[in-house]
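J.: Let me begin by handing over the structure; questions about it come next.
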Amino acid sequence: MSKRSRSVRADSCPLPPYFGLLAVDAKDSTRLPSVQHAPLSRTITEIIYRGLEFAGLGEMRREFECNTGDGLAFGFDPSWLPLVISPFADVLDTLLQRHNTGADPHIRLRMSIHVGPVPVASGTAGDGNAAPRSEAHRLLDCEATRRWLADAGEDGTPLVVIVSDAVHRAAVLGGYCAVPPSRFTEVRAEVAGKGFTQTAWMYVPSPSGGLLSHPTAQAASVLGATKETDGASPAAPRPIQSRIQHVTSGVAIMDSTLRDVHHHEASRRAPDRS
């Protein structure tokens with residue numbers, strides 16, 4: 001073996017394990033009085049936890065969880081990727097709509113889902129930090145995601161989801177996700193000044209406003225209308241038992257916007273593979 005080949009092997013190292021990342025951030029939270037910042041953080045956390053429970057993901061182990069002041073972030077087993085898209089995003093959409101009928105500041109979320117290897121060093125600085133995590137934030141902050149949420153009706157669409165191409169191929173086109181490929185729209189995810197450009201896919205559980213001009217949104221609107229009964233609010237989905245196959249990894253991140261804020265004062269359960 002040559003010295004060159006030995007040198008190349010010596011410089012290589014194993015990939016870190018694949019993890020999913022889920023994060024929520026409240027945009028424009030600084031517009032709220034300081035006294036409301038802590039309640040906002042608690043509200044977002046409670047909605048996320050409740051959504052996980054209702055979606056059947058309550059026992060999903062949350063890795064390197066941290067409160068970001070105006071949000072929440074944690075890692076999760078990547079085998080849950082299809083269920084993070086659905087039913088979790090759908091349940092979260094319903095919970096946000098219910099929350100926004102109250103007197104508290106309305107919360108609207110942007111969520112991104114990505115994949116990649118993430119190093120884990122529990123209890124040390126940098127735990128969970130890697131390029132996939134940065135890319136997930138770029139997806140969240142890209143013009144396409146912001147534009148879709150802005151184009152949606154404020155009272156009709158509390159959540160938009162952007163899925164990376166890798167996740168779309170593995171979880172959606174692979175047939176593991178309950179949401180069919182026809183409900184996703186291809187977009188170009190770009191962040192000015194960051195040198196970030198990727199193909200991604202948008203999914204909106206409850207499209208409204210300008211989003212209804214999108215073919216996939218029109219189909220979703222018709223589908224939703226056929227499920228309405230007596231005008232009653234949809235019940236919180238019951239926990240489900242799902243069968244999924246372990247795929248590569250996922251990163252899910254959410255960011256929220258607040259509307260009309262000025263007028264308002266575990267061990268992991270293994271998926272059933274039978």
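Going by the structure tokens order, chains are called A, B, ..., each with residues numbered from 1, while ligands are numbered from 1 in the order shown.
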Determine, for each residue of range 1-93 of chain A having at least one atom at most 10 Å from an atom of range 111-128 of chain A, the closest pair of atoms and their separation in Å to one decimal, counting only C-alpha atoms; order by chain and ascending number, as JSON lines.
T.:
{"residue": "A:Leu15", "atom": "CA", "partner": "A:Pro117", "partner_atom": "CA", "distance": 6.6}
{"residue": "A:Pro16", "atom": "CA", "partner": "A:Pro119", "partner_atom": "CA", "distance": 4.9}
{"residue": "A:Pro17", "atom": "CA", "partner": "A:Pro117", "partner_atom": "CA", "distance": 5.4}
{"residue": "A:Tyr18", "atom": "CA", "partner": "A:Pro117", "partner_atom": "CA", "distance": 4.2}
{"residue": "A:Phe19", "atom": "CA", "partner": "A:Val118", "partner_atom": "CA", "distance": 6.0}
{"residue": "A:Gly20", "atom": "CA", "partner": "A:Val115", "partner_atom": "CA", "distance": 6.6}
{"residue": "A:Leu21", "atom": "CA", "partner": "A:Ile113", "partner_atom": "CA", "distance": 7.9}
{"residue": "A:Leu22", "atom": "CA", "partner": "A:Ile113", "partner_atom": "CA", "distance": 7.9}
{"residue": "A:Ala23", "atom": "CA", "partner": "A:Met111", "partner_atom": "CA", "distance": 8.2}
{"residue": "A:Val24", "atom": "CA", "partner": "A:Met111", "partner_atom": "CA", "distance": 7.8}
{"residue": "A:Asp25", "atom": "CA", "partner": "A:Met111", "partner_atom": "CA", "distance": 9.6}
{"residue": "A:Glu63", "atom": "CA", "partner": "A:Gly128", "partner_atom": "CA", "distance": 8.6}
{"residue": "A:Phe64", "atom": "CA", "partner": "A:Gly128", "partner_atom": "CA", "distance": 6.9}
{"residue": "A:Glu65", "atom": "CA", "partner": "A:Gly128", "partner_atom": "CA", "distance": 9.6}
{"residue": "A:Phe74", "atom": "CA", "partner": "A:Gly128", "partner_atom": "CA", "distance": 8.7}
{"residue": "A:Gly75", "atom": "CA", "partner": "A:Gly128", "partner_atom": "CA", "distance": 7.7}
{"residue": "A:Pro78", "atom": "CA", "partner": "A:Val115", "partner_atom": "CA", "distance": 8.2}
{"residue": "A:Leu81", "atom": "CA", "partner": "A:Ile113", "partner_atom": "CA", "distance": 8.5}
{"residue": "A:Val84", "atom": "CA", "partner": "A:Ile113", "partner_atom": "CA", "distance": 8.5}
{"residue": "A:Ile85", "atom": "CA", "partner": "A:Ile113", "partner_atom": "CA", "distance": 8.1}
{"residue": "A:Ala89", "atom": "CA", "partner": "A:Met111", "partner_atom": "CA", "distance": 8.6}
J.: Enumerate the residues of range 34-248 of chain A with a DSSP assignment of helix (DSSP H, G or I), computed from the backbone, and present them as a PyMOL selection string.
T.: chain A and resi 34-54+78-99+131-141+143-151+165-172+181-183+209-213+215-226
J.: Just to confirm, what's the straight-line distance from CA of Arg183 in chain A to CA of Arg147 in chain A in Å (one decimal)?
T.: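 Going from CA of Arg183 in chain A over to CA of Arg147 in chain A, I get 17.9 Å.
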J.: So which residues of range 36-129 of chain A fall under strand (DSSP E or B) by DSSP, listed as a list in words?
T.: Glu63, Phe64, Glu65, Cys66, Asn67, Gly71, Leu72, Ala73, Phe74, Gly75, Phe76, His106, Ile107, Arg108, Leu109, Arg110, Met111, Ser112, Ile113, His114 and Pro117 of chain A
J.: Once you have the residues from the selection above, write them out as a short mmCIF file (atom, residue, chain, number, x, y, z; two decimals), in the first residue's frame, restricted to N, CA, C and O atoms.
T.:
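Output saved as selection38.cif:
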data_model
loop_
_atom_site.label_atom_id
_atom_site.label_comp_id
_atom_site.auth_asym_id
_atom_site.auth_seq_id
_atom_site.Cartn_x
_atom_site.Cartn_y
_atom_site.Cartn_z
N GLU A 63 -34.02 14.03 21.55
CA GLU A 63 -32.60 14.16 21.84
C GLU A 63 -32.19 15.63 21.89
O GLU A 63 -32.77 16.46 21.21
N PHE A 64 -31.17 15.91 22.68
CA PHE A 64 -30.61 17.26 22.87
C PHE A 64 -31.66 18.36 22.79
O PHE A 64 -31.54 19.33 22.05
N GLU A 65 -32.71 18.19 23.59
CA GLU A 65 -33.80 19.17 23.60
C GLU A 65 -33.36 20.44 24.34
O GLU A 65 -32.69 20.37 25.37
N CYS A 66 -33.75 21.57 23.81
CA CYS A 66 -33.44 22.83 24.47
C CYS A 66 -34.51 23.86 24.16
O CYS A 66 -35.13 23.84 23.09
N ASN A 67 -34.73 24.75 25.11
CA ASN A 67 -35.63 25.87 24.92
C ASN A 67 -34.83 27.04 24.40
O ASN A 67 -33.79 27.39 24.96
N GLY A 71 -38.86 29.53 21.46
CA GLY A 71 -39.13 28.32 20.70
C GLY A 71 -38.58 27.08 21.39
O GLY A 71 -38.23 27.11 22.57
N LEU A 72 -38.51 26.00 20.63
CA LEU A 72 -38.09 24.71 21.15
C LEU A 72 -37.34 23.96 20.06
O LEU A 72 -37.65 24.11 18.88
N ALA A 73 -36.33 23.19 20.44
CA ALA A 73 -35.58 22.39 19.46
C ALA A 73 -35.19 21.06 20.08
O ALA A 73 -34.83 21.00 21.26
N PHE A 74 -35.27 19.98 19.29
CA PHE A 74 -34.82 18.68 19.77
C PHE A 74 -34.60 17.75 18.58
O PHE A 74 -35.09 17.99 17.47
N GLY A 75 -33.85 16.69 18.82
CA GLY A 75 -33.62 15.67 17.80
C GLY A 75 -34.58 14.51 17.99
O GLY A 75 -35.14 14.32 19.07
N PHE A 76 -34.75 13.72 16.93
CA PHE A 76 -35.64 12.56 17.01
C PHE A 76 -35.12 11.45 16.12
O PHE A 76 -34.35 11.69 15.17
N HIS A 106 -52.18 35.31 17.83
CA HIS A 106 -52.25 34.21 16.88
C HIS A 106 -50.85 33.73 16.51
O HIS A 106 -49.93 34.54 16.37
N ILE A 107 -50.72 32.44 16.34
CA ILE A 107 -49.42 31.84 15.98
C ILE A 107 -49.57 31.14 14.64
O ILE A 107 -50.48 30.34 14.44
N ARG A 108 -48.66 31.49 13.71
CA ARG A 108 -48.60 30.81 12.42
C ARG A 108 -47.17 30.29 12.24
O ARG A 108 -46.22 30.99 12.55
N LEU A 109 -47.07 29.07 11.74
CA LEU A 109 -45.78 28.39 11.72
C LEU A 109 -45.26 28.11 10.32
O LEU A 109 -46.04 27.80 9.42
N ARG A 110 -43.94 28.18 10.19
CA ARG A 110 -43.24 27.62 9.04
C ARG A 110 -42.48 26.42 9.56
O ARG A 110 -41.80 26.51 10.58
N MET A 111 -42.57 25.31 8.87
CA MET A 111 -41.85 24.11 9.29
C MET A 111 -41.01 23.59 8.13
O MET A 111 -41.47 23.54 7.00
N SER A 112 -39.76 23.22 8.44
CA SER A 112 -38.92 22.58 7.42
C SER A 112 -38.51 21.21 7.90
O SER A 112 -38.33 20.98 9.09
N ILE A 113 -38.36 20.30 6.96
CA ILE A 113 -37.97 18.92 7.25
C ILE A 113 -36.80 18.56 6.34
O ILE A 113 -36.90 18.69 5.11
N HIS A 114 -35.70 18.12 6.93
CA HIS A 114 -34.49 17.85 6.18
C HIS A 114 -33.84 16.57 6.71
O HIS A 114 -34.33 15.97 7.67
N PRO A 117 -26.48 13.56 8.56
CA PRO A 117 -25.76 13.08 9.75
C PRO A 117 -25.50 14.21 10.73
O PRO A 117 -25.08 15.30 10.34
#
J.: Which residue, A:Val179, A:Ala166, A:Met202, A:Leu92, has the smallest gap to Leu140 in chain A when you use only C-alpha atoms?
T.: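 Looking at the shortest contact to Leu140 in chain A, the residue is A:Met202.
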J.: Using only C-alpha atoms for the distances, tell me which of A:His37, A:Arg62, A:Arg146, A:Lys194 is nearest to Pro105 in chain A.
T.: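 Going through A:His37, A:Arg62, A:Arg146, A:Lys194 one by one, the smallest distance to Pro105 in chain A is for A:His37.
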J.: Each residue of range 34-56 of chain A with at least one atom at most 12 Å from range 95-104 of chain A should appear once, together with its nearest atom pair and the corresponding distance in Å (one decimal); atoms considered: only C-alpha atoms; ordering: chain, then increasing residue number; output as JSON lines.
T.:
{"residue": "A:Gln36", "atom": "CA", "partner": "A:Asp104", "partner_atom": "CA", "distance": 10.2}
{"residue": "A:Pro39", "atom": "CA", "partner": "A:Asp104", "partner_atom": "CA", "distance": 10.1}
{"residue": "A:Leu40", "atom": "CA", "partner": "A:Asp104", "partner_atom": "CA", "distance": 9.2}
{"residue": "A:Thr43", "atom": "CA", "partner": "A:His99", "partner_atom": "CA", "distance": 9.5}
{"residue": "A:Ile44", "atom": "CA", "partner": "A:Leu96", "partner_atom": "CA", "distance": 9.5}
{"residue": "A:Glu46", "atom": "CA", "partner": "A:Leu95", "partner_atom": "CA", "distance": 10.4}
{"residue": "A:Ile47", "atom": "CA", "partner": "A:Leu95", "partner_atom": "CA", "distance": 6.9}
{"residue": "A:Ile48", "atom": "CA", "partner": "A:Leu95", "partner_atom": "CA", "distance": 9.0}
{"residue": "A:Tyr49", "atom": "CA", "partner": "A:Leu95", "partner_atom": "CA", "distance": 10.9}
{"residue": "A:Arg50", "atom": "CA", "partner": "A:Leu95", "partner_atom": "CA", "distance": 8.4}
{"residue": "A:Gly51", "atom": "CA", "partner": "A:Leu95", "partner_atom": "CA", "distance": 7.2}
{"residue": "A:Leu52", "atom": "CA", "partner": "A:Leu95", "partner_atom": "CA", "distance": 11.0}
{"residue": "A:Glu53", "atom": "CA", "partner": "A:Leu95", "partner_atom": "CA", "distance": 11.8}
{"residue": "A:Phe54", "atom": "CA", "partner": "A:Leu95", "partner_atom": "CA", "distance": 9.8}
{"residue": "A:Ala55", "atom": "CA", "partner": "A:Leu95", "partner_atom": "CA", "distance": 11.3}
J.: Give me the residues within 10 Å of Val204 in chain A as a PDB file with C-alpha atoms, in the first residue's frame, counting only C-alpha atoms and dropping any in the same chain fewer than 3 places off.
T.:
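Wrote selection00.pdb, looks like this:
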ATOM      1  CA  ALA A  89     -48.097  18.340  10.684  1.00  0.00           C
ATOM      2  CA  ASP A  90     -51.819  17.806  10.154  1.00  0.00           C
ATOM      3  CA  ASP A  93     -52.326  22.557  11.935  1.00  0.00           C
ATOM      4  CA  ARG A 110     -43.240  27.622   9.037  1.00  0.00           C
ATOM      5  CA  TRP A 148     -46.138  30.823   0.855  1.00  0.00           C
ATOM      6  CA  LEU A 149     -47.067  31.732   4.407  1.00  0.00           C
ATOM      7  CA  ALA A 152     -51.971  32.269   2.660  1.00  0.00           C
ATOM      8  CA  THR A 157     -53.545  28.730   7.137  1.00  0.00           C
ATOM      9  CA  PRO A 158     -51.569  28.520  10.390  1.00  0.00           C
ATOM     10  CA  LEU A 159     -48.867  26.185   9.009  1.00  0.00           C
ATOM     11  CA  VAL A 160     -46.782  25.682   5.870  1.00  0.00           C
ATOM     12  CA  VAL A 161     -44.239  22.875   5.537  1.00  0.00           C
ATOM     13  CA  ILE A 162     -41.154  22.765   3.327  1.00  0.00           C
ATOM     14  CA  ARG A 183     -50.080  17.287  -2.390  1.00  0.00           C
ATOM     15  CA  PHE A 184     -46.515  18.627  -2.711  1.00  0.00           C
ATOM     16  CA  THR A 185     -45.362  21.473  -4.956  1.00  0.00           C
ATOM     17  CA  PRO A 207     -54.352  26.097   2.121  1.00  0.00           C
ATOM     18  CA  SER A 208     -56.235  29.390   1.860  1.00  0.00           C
ATOM     19  CA  LEU A 211     -52.405  29.536  -2.053  1.00  0.00           C
ATOM     20  CA  THR A 216     -52.109  21.124  -5.204  1.00  0.00           C
ATOM     21  CA  ALA A 217     -53.762  23.590  -2.855  1.00  0.00           C
ATOM     22  CA  ALA A 220     -56.446  19.942  -0.880  1.00  0.00           C
TER      23      ALA A 220
END
J.: Distance CA of Glu190 in chain A-CA of Glu143 in chain A, one decimal place?
T.: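 CA of Glu143 in chain A lies at a distance of 6.2 Å from CA of Glu190 in chain A.
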J.: Could you please determine the separation between CA of Thr30 in chain A and CA of Glu135 in chain A in Å, to one decimal place?
T.: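 Going from CA of Thr30 in chain A over to CA of Glu135 in chain A, I get 24.7 Å.
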